[in-house]
>>> print(open('target30.csv').read())   # CSV, C-alpha atoms
chain,number,residue,atom,x,y,z
Z,1,MET,CA,-12.1,10.8,76.0
Z,2,GLY,CA,-11.7,7.1,76.5
Z,3,PHE,CA,-15.4,6.5,75.6
Z,4,PHE,CA,-15.1,8.3,72.3
Z,5,LYS,CA,-11.9,6.5,71.5
Z,6,ARG,CA,-13.6,3.1,72.1
Z,7,LEU,CA,-16.6,4.3,70.1
Z,8,TRP,CA,-14.4,5.3,67.2
Z,9,GLY,CA,-12.6,1.9,67.4
Z,10,TYR,CA,-15.9,0.1,67.3
Z,11,ILE,CA,-17.1,2.1,64.3
Z,12,LYS,CA,-13.9,1.3,62.4
Z,13,ALA,CA,-14.1,-2.4,63.3
Z,14,LEU,CA,-17.8,-2.5,62.2
Z,15,PHE,CA,-17.0,-0.7,58.9
Z,16,ARG,CA,-14.1,-3.0,58.3
Z,17,SER,CA,-16.2,-6.1,59.0
Z,18,LYS,CA,-19.0,-4.8,56.7
Z,19,ALA,CA,-16.4,-4.0,53.9
Z,20,GLU,CA,-14.8,-7.5,54.2
Z,21,GLY,CA,-18.2,-9.1,54.0
Z,22,MET,CA,-19.0,-7.2,50.8
Z,23,MET,CA,-15.7,-8.0,49.0
Z,24,ASP,CA,-15.6,-10.5,46.2
Z,25,PRO,CA,-13.5,-13.6,47.2
Z,26,GLU,CA,-12.0,-13.7,43.8
Z,27,ILE,CA,-10.8,-10.1,44.1
Z,28,GLU,CA,-9.4,-10.8,47.6
Z,29,ILE,CA,-7.4,-13.8,46.2
Z,30,GLU,CA,-5.9,-11.6,43.4
Z,31,GLN,CA,-5.1,-8.9,45.9
Z,32,ALA,CA,-3.3,-11.4,48.1
Z,33,ILE,CA,-1.3,-12.6,45.1
Z,34,THR,CA,-0.5,-9.0,44.1
Z,35,GLU,CA,0.7,-8.2,47.6
Z,36,ALA,CA,2.9,-11.3,47.7
Z,37,ARG,CA,4.5,-10.3,44.4
Z,38,LYS,CA,5.1,-6.8,45.7
Z,39,ARG,CA,6.7,-8.1,48.9
Z,40,ASP,CA,8.8,-10.6,46.9
Z,41,GLN,CA,10.1,-7.9,44.6
Z,42,GLU,CA,11.0,-5.7,47.6
Z,43,LEU,CA,12.7,-8.6,49.3
Z,44,ARG,CA,14.7,-9.4,46.2
Z,45,THR,CA,15.8,-5.7,45.8
Z,46,GLN,CA,17.0,-5.6,49.5
Z,47,ALA,CA,18.7,-9.0,49.1
Z,48,ALA,CA,20.5,-7.8,45.9
Z,49,ARG,CA,21.8,-4.8,47.8
Z,50,VAL,CA,23.2,-7.1,50.6
Z,51,VAL,CA,24.8,-9.4,48.1
Z,52,ALA,CA,26.2,-6.4,46.1
Z,53,HIS,CA,27.7,-5.1,49.3
Z,54,ARG,CA,29.6,-8.3,49.8
Z,55,THR,CA,30.8,-8.2,46.2
Z,56,GLN,CA,32.0,-4.6,46.7
Z,57,LEU,CA,33.9,-5.7,49.8
Z,58,GLU,CA,35.6,-8.4,47.8
Z,59,SER,CA,36.9,-5.9,45.4
Z,60,GLN,CA,38.0,-3.5,48.2
Z,61,ILE,CA,39.8,-6.4,49.9
Z,62,GLY,CA,41.6,-7.2,46.7
Z,63,ARG,CA,42.7,-3.6,46.3
Z,64,ALA,CA,43.7,-3.3,49.9
Z,65,ALA,CA,45.7,-6.5,49.8
Z,66,ASP,CA,47.5,-5.2,46.7
Z,67,GLN,CA,48.2,-1.9,48.4
Z,68,ALA,CA,49.6,-3.7,51.5
Z,69,GLY,CA,51.7,-5.9,49.3
Z,70,ASP,CA,53.2,-3.0,47.4
Z,71,ALA,CA,53.8,-1.1,50.6
Z,72,ARG,CA,55.6,-4.1,52.1
Z,73,GLU,CA,57.9,-4.5,49.1
Z,74,MET,CA,58.7,-0.8,49.0
Z,75,ALA,CA,59.5,-0.8,52.7
Z,76,LYS,CA,61.8,-3.8,52.2
Z,77,GLN,CA,63.5,-2.1,49.3
Z,78,ALA,CA,64.0,1.2,51.3
Z,79,LEU,CA,65.5,-0.8,54.2
Z,80,LEU,CA,67.9,-2.6,51.8
Z,81,LYS,CA,68.9,0.8,50.3
Z,82,GLY,CA,69.5,2.2,53.7
Z,83,GLN,CA,71.6,-0.8,54.7
Z,84,GLN,CA,73.6,-0.4,51.5
Z,85,GLU,CA,74.2,3.3,52.1
Z,86,SER,CA,75.2,2.6,55.7
Z,87,ALA,CA,77.6,-0.1,54.6
Z,88,ALA,CA,79.1,2.4,52.1
Z,89,GLY,CA,79.6,4.9,54.9
Z,90,ASP,CA,77.0,7.3,53.5
Z,91,ALA,CA,75.2,8.3,56.7
Z,92,ALA,CA,73.0,10.9,55.0
Z,93,GLY,CA,71.9,8.4,52.3
Z,94,ALA,CA,71.3,5.7,54.9
Z,95,ASP,CA,69.2,8.2,56.9
Z,96,LYS,CA,67.2,9.1,53.8
Z,97,TRP,CA,66.3,5.6,53.0
Z,98,ASN,CA,65.6,4.7,56.6
Z,99,LYS,CA,63.1,7.5,56.8
Z,100,THR,CA,61.6,6.5,53.5
Z,101,ALA,CA,61.2,3.0,54.9
Z,102,GLN,CA,59.6,4.4,58.0
Z,103,GLY,CA,57.0,6.4,55.9
Z,104,VAL,CA,56.2,3.4,53.8
Z,105,ALA,CA,55.9,1.2,56.9
Z,106,MET,CA,53.3,3.7,58.2
Z,107,ARG,CA,51.3,3.2,54.9
Z,108,LEU,CA,51.8,-0.5,55.2
Z,109,GLN,CA,50.4,-0.5,58.7
Z,110,ALA,CA,47.4,1.5,57.6
Z,111,ALA,CA,46.8,-0.7,54.6
Z,112,GLU,CA,47.0,-3.8,56.8
Z,113,ASN,CA,44.6,-2.3,59.3
Z,114,ASN,CA,42.2,-1.4,56.5
Z,115,LEU,CA,42.6,-4.9,55.1
Z,116,THR,CA,41.8,-6.5,58.5
Z,117,SER,CA,38.7,-4.2,58.9
Z,118,LEU,CA,37.5,-5.1,55.4
Z,119,LYS,CA,37.9,-8.8,56.1
Z,120,GLY,CA,35.8,-8.4,59.2
Z,121,GLN,CA,33.1,-6.6,57.3
Z,122,TYR,CA,33.3,-9.2,54.6
Z,123,GLU,CA,32.6,-12.0,57.0
Z,124,THR,CA,29.5,-10.1,58.3
Z,125,ALA,CA,28.4,-9.3,54.7
Z,126,SER,CA,28.9,-12.9,53.7
Z,127,THR,CA,26.6,-14.1,56.5
Z,128,GLN,CA,24.1,-11.4,55.7
Z,129,ALA,CA,24.2,-12.3,52.0
Z,130,GLU,CA,23.6,-16.0,52.7
Z,131,SER,CA,20.7,-15.0,55.0
Z,132,ALA,CA,19.3,-12.8,52.3
Z,133,LYS,CA,19.5,-15.6,49.7
Z,134,THR,CA,17.8,-18.0,52.1
Z,135,ALA,CA,15.0,-15.4,52.7
Z,136,VAL,CA,14.5,-15.0,48.9
Z,137,GLN,CA,14.4,-18.8,48.5
Z,138,GLN,CA,12.0,-19.3,51.3
Z,139,ASN,CA,9.8,-16.5,50.0
Z,140,ALA,CA,9.8,-17.9,46.5
Z,141,MET,CA,8.6,-21.2,48.0
Z,142,ARG,CA,5.9,-19.4,49.9
Z,143,ARG,CA,4.9,-17.7,46.6
Z,144,GLN,CA,4.6,-21.1,44.9
Z,145,GLU,CA,2.5,-22.4,47.8
Z,146,LEU,CA,0.3,-19.3,47.6
Z,147,ALA,CA,0.0,-19.8,43.8
Z,148,ALA,CA,-1.1,-23.4,44.4
Z,149,LYS,CA,-3.5,-22.3,47.1
Z,150,ARG,CA,-4.9,-19.7,44.7
Z,151,MET,CA,-5.6,-22.3,42.1
Z,152,GLU,CA,-7.3,-24.5,44.8
Z,153,LEU,CA,-9.4,-21.5,46.1
Z,154,LEU,CA,-10.4,-20.5,42.6
Z,155,GLY,CA,-11.5,-24.0,41.9
Z,156,SER,CA,-13.5,-24.1,45.2
Z,157,LEU,CA,-15.0,-20.7,44.4
Z,158,GLN,CA,-16.1,-21.9,40.9
Z,159,GLN,CA,-17.6,-25.0,42.5
Z,160,ALA,CA,-19.4,-22.8,45.0
Z,161,LYS,CA,-20.7,-20.5,42.3
Z,162,MET,CA,-22.0,-23.5,40.3
Z,163,GLN,CA,-23.7,-24.9,43.4
Z,164,GLU,CA,-25.3,-21.6,44.1
Z,165,SER,CA,-26.6,-21.5,40.5
Z,166,VAL,CA,-28.0,-25.0,40.9
Z,167,ASN,CA,-29.6,-24.0,44.2
Z,168,LYS,CA,-31.2,-20.9,42.6
Z,169,ALA,CA,-32.5,-23.1,39.8
Z,170,MET,CA,-34.0,-25.6,42.3
Z,171,GLU,CA,-35.5,-22.8,44.3
Z,172,SER,CA,-37.0,-21.4,41.2
Z,173,MET,CA,-38.4,-24.8,40.2
Z,174,SER,CA,-39.8,-25.3,43.7
Z,175,ALA,CA,-41.4,-21.9,43.6
Z,176,THR,CA,-43.0,-22.7,40.2
Z,177,PHE,CA,-44.4,-26.0,41.5
Z,178,ASP,CA,-45.8,-24.2,44.5
Z,179,ASP,CA,-47.4,-21.5,42.3
Z,180,GLU,CA,-48.9,-24.2,40.1
Z,181,ALA,CA,-50.2,-26.1,43.1
Z,182,VAL,CA,-51.7,-22.9,44.5
Z,183,SER,CA,-53.4,-22.2,41.1
Z,184,LEU,CA,-54.8,-25.7,40.9
Z,185,ASP,CA,-56.0,-25.5,44.4
Z,186,LYS,CA,-57.9,-22.3,43.6
Z,187,VAL,CA,-59.5,-24.0,40.5
Z,188,GLU,CA,-60.5,-26.9,42.6
Z,189,ASP,CA,-62.0,-24.6,45.2
Z,190,LYS,CA,-64.0,-22.8,42.5
Z,191,ILE,CA,-65.3,-26.1,41.1
Z,192,GLU,CA,-66.3,-27.3,44.6
Z,193,ALA,CA,-68.0,-24.1,45.2
Z,194,ARG,CA,-70.0,-24.3,42.0
Z,195,ARG,CA,-71.0,-27.9,42.6
Z,196,ALA,CA,-72.0,-27.1,46.2
Z,197,GLU,CA,-74.1,-24.2,44.9
Z,198,ALA,CA,-75.8,-26.3,42.3
Z,199,MET,CA,-76.6,-29.1,44.8
Z,200,ALA,CA,-77.9,-26.5,47.2
Z,201,ARG,CA,-80.2,-25.0,44.5
Z,202,ALA,CA,-81.4,-28.5,43.6
Z,203,GLU,CA,-82.1,-29.3,47.2
Z,204,LEU,CA,-84.0,-26.0,47.7
Z,205,ARG,CA,-86.0,-26.6,44.5
Z,206,GLU,CA,-87.2,-30.0,45.8
Z,207,VAL,CA,-88.8,-28.5,48.9
Z,208,THR,CA,-90.8,-25.9,46.9
Z,209,PRO,CA,-94.2,-26.4,45.2
Z,210,GLU,CA,-92.6,-25.8,41.9
Z,211,GLY,CA,-90.0,-28.5,42.6
Z,212,ALA,CA,-92.7,-31.0,43.6
Z,213,GLU,CA,-94.7,-30.2,40.5
Z,214,MET,CA,-91.7,-30.7,38.2
Z,215,GLU,CA,-90.9,-34.0,40.0
Z,216,LEU,CA,-94.5,-35.1,39.4
Z,217,ARG,CA,-94.3,-34.2,35.7
Z,218,GLU,CA,-91.1,-36.1,35.4
Z,219,THR,CA,-92.8,-39.1,37.0
Z,220,ILE,CA,-95.8,-38.8,34.6
Z,221,SER,CA,-93.5,-38.5,31.6
Z,222,VAL,CA,-91.6,-41.6,32.6
Z,223,ALA,CA,-94.8,-43.5,33.0
Z,224,GLN,CA,-96.1,-42.4,29.7
Z,225,ALA,CA,-92.9,-43.3,28.0
Z,226,ASP,CA,-93.1,-46.8,29.6
Z,227,ALA,CA,-96.6,-47.2,28.3
Z,228,LYS,CA,-95.6,-46.2,24.8
Z,229,LEU,CA,-92.8,-48.7,24.9
Z,230,GLU,CA,-95.2,-51.5,25.8
Z,231,GLU,CA,-97.5,-50.5,23.0
Z,232,LEU,CA,-94.7,-50.7,20.5
Z,233,LYS,CA,-93.6,-54.1,21.8
Z,234,LYS,CA,-97.1,-55.4,21.2
Z,235,GLU,CA,-97.2,-54.2,17.7
Z,236,LEU,CA,-93.9,-55.8,17.0
Z,237,GLY,CA,-94.9,-59.0,18.8
Z,238,ILE,CA,-92.1,-58.7,21.4
Z,239,THR,CA,-92.9,-60.2,24.7
Z,240,GLY,CA,-91.1,-59.9,28.0
>>> encode(input="target30.csv", output="structure tokens")
Amino acid sequence: MGFFKRLWGYIKALFRSKAEGMMDPEIEIEQAITEARKRDQELRTQAARVVAHRTQLESQIGRAADQAGDAREMAKQALLKGQQESAAGDAAGADKWNKTAQGVAMRLQAAENNLTSLKGQYETASTQAESAKTAVQQNAMRRQELAAKRMELLGSLQQAKMQESVNKAMESMSATFDDEAVSLDKVEDKIEARRAEAMARAELREVTPEGAEMELRETISVAQADAKLEELKKELGITG
């Protein structure tokens, strides 16, 4: 089982390596930018929720404080009413207002407890909101750095493409020169072969009777031509 797992891992790694090698660098850069934008949007959405939670708590704290304040005033008024009824000798009236004050005091206590809890939550939410804003700010800076890096990489990529194009042109020129040199070498070889063959035929002709006879005829012809020239010189009176 372990062998097949390792084999499968090797196959996946090999496929991933091959795929990465075949990817266009420009497409990879754009994919990185797209992923960064997506992560930035997700981060901003999450941060907005955190900040909104803090804002909601602010509203809840305001309402809870108002409720606690109202309950406190009502409890005070009920106590005063109870005191007045007690001073007037109305025991039933005093008992009614005292019980009312007791019920309002219970609501006051609940409101104050809720207010204390909300304040604790608000402190935590405030810290989280600041952290969220810092994260958004830092991520925005990283996006700017990535955008600058993208421009740099695209510039380098264009330079690399231009250099590759020049290299191909130079290689093509070199191949053309090589082809021409090969062609001229072949022509030179053919000329040398024909000249060698002609010289060989001449050399062979000289060692044959026909060749010797032709050489003799050439010698006679030259001698006759020289004699004719001397004859013409005498007729013209040319000496020397």
>>> residues_around(input="target30.csv", residues="Z:Thr55", least_positions_apart="3", cutoff="10 Å", atoms="all atoms listed in the file", output="list in words")
Arg49, Val50, Val51, Ala52, Glu58, Ser59, Gln60, Ile61, Tyr122, Ala125, Ser126 and Ala129 of chain Z
>>> closest_residue(input="target30.csv", among="Z:Ala75, Z:Gln84, Z:Glu30, Z:Arg39", to="Z:Lys99", atoms="all atoms listed in the file")
Z:Ala75
>>> closest_residue(input="target30.csv", among="Z:Arg72, Z:Arg150, Z:Arg195, Z:Lys190", to="Z:Glu28", atoms="only C-alpha atoms")
Z:Arg150
>>> atom_distance(input="target30.csv", atom1="atom CA of Z:Leu108", atom2="atom CA of Z:Gln56")
21.9 Å
>>> atom_distance(input="target30.csv", atom1="atom CA of Z:Ala94", atom2="atom CA of Z:Gln109")
22.1 Å
>>> closest_residue(input="target30.csv", among="Z:Gln77, Z:Thr116, Z:Gln163, Z:Thr45", to="Z:Asn98", atoms="only C-alpha atoms")
Z:Gln77
>>> closest_residue(input="target30.csv", among="Z:Ala71, Z:Leu232, Z:Ile29, Z:Met162", to="Z:Val104", atoms="only C-alpha atoms")
Z:Ala71
>>> atom_distance(input="target30.csv", atom1="atom CA of Z:Ala132", atom2="atom CA of Z:Ala64")
26.3 Å
>>> closest_residue(input="target30.csv", among="Z:Glu85, Z:Asp90, Z:Asp40, Z:Glu35", to="Z:Gln138", atoms="all atoms listed in the file")
Z:Asp40
>>> closest_residue(input="target30.csv", among="Z:Lys133, Z:Lys234, Z:Lys96, Z:Lys76", to="Z:Ala48", atoms="all atoms listed in the file")
Z:Lys133
>>> residues_around(input="target30.csv", residues="Z:Arg37", least_positions_apart="2", cutoff="12 Å", atoms="all atoms listed in the file", output="PyMOL selection string")
chain Z and resi 30-35+39-44+136+139-140+142-144+146-147
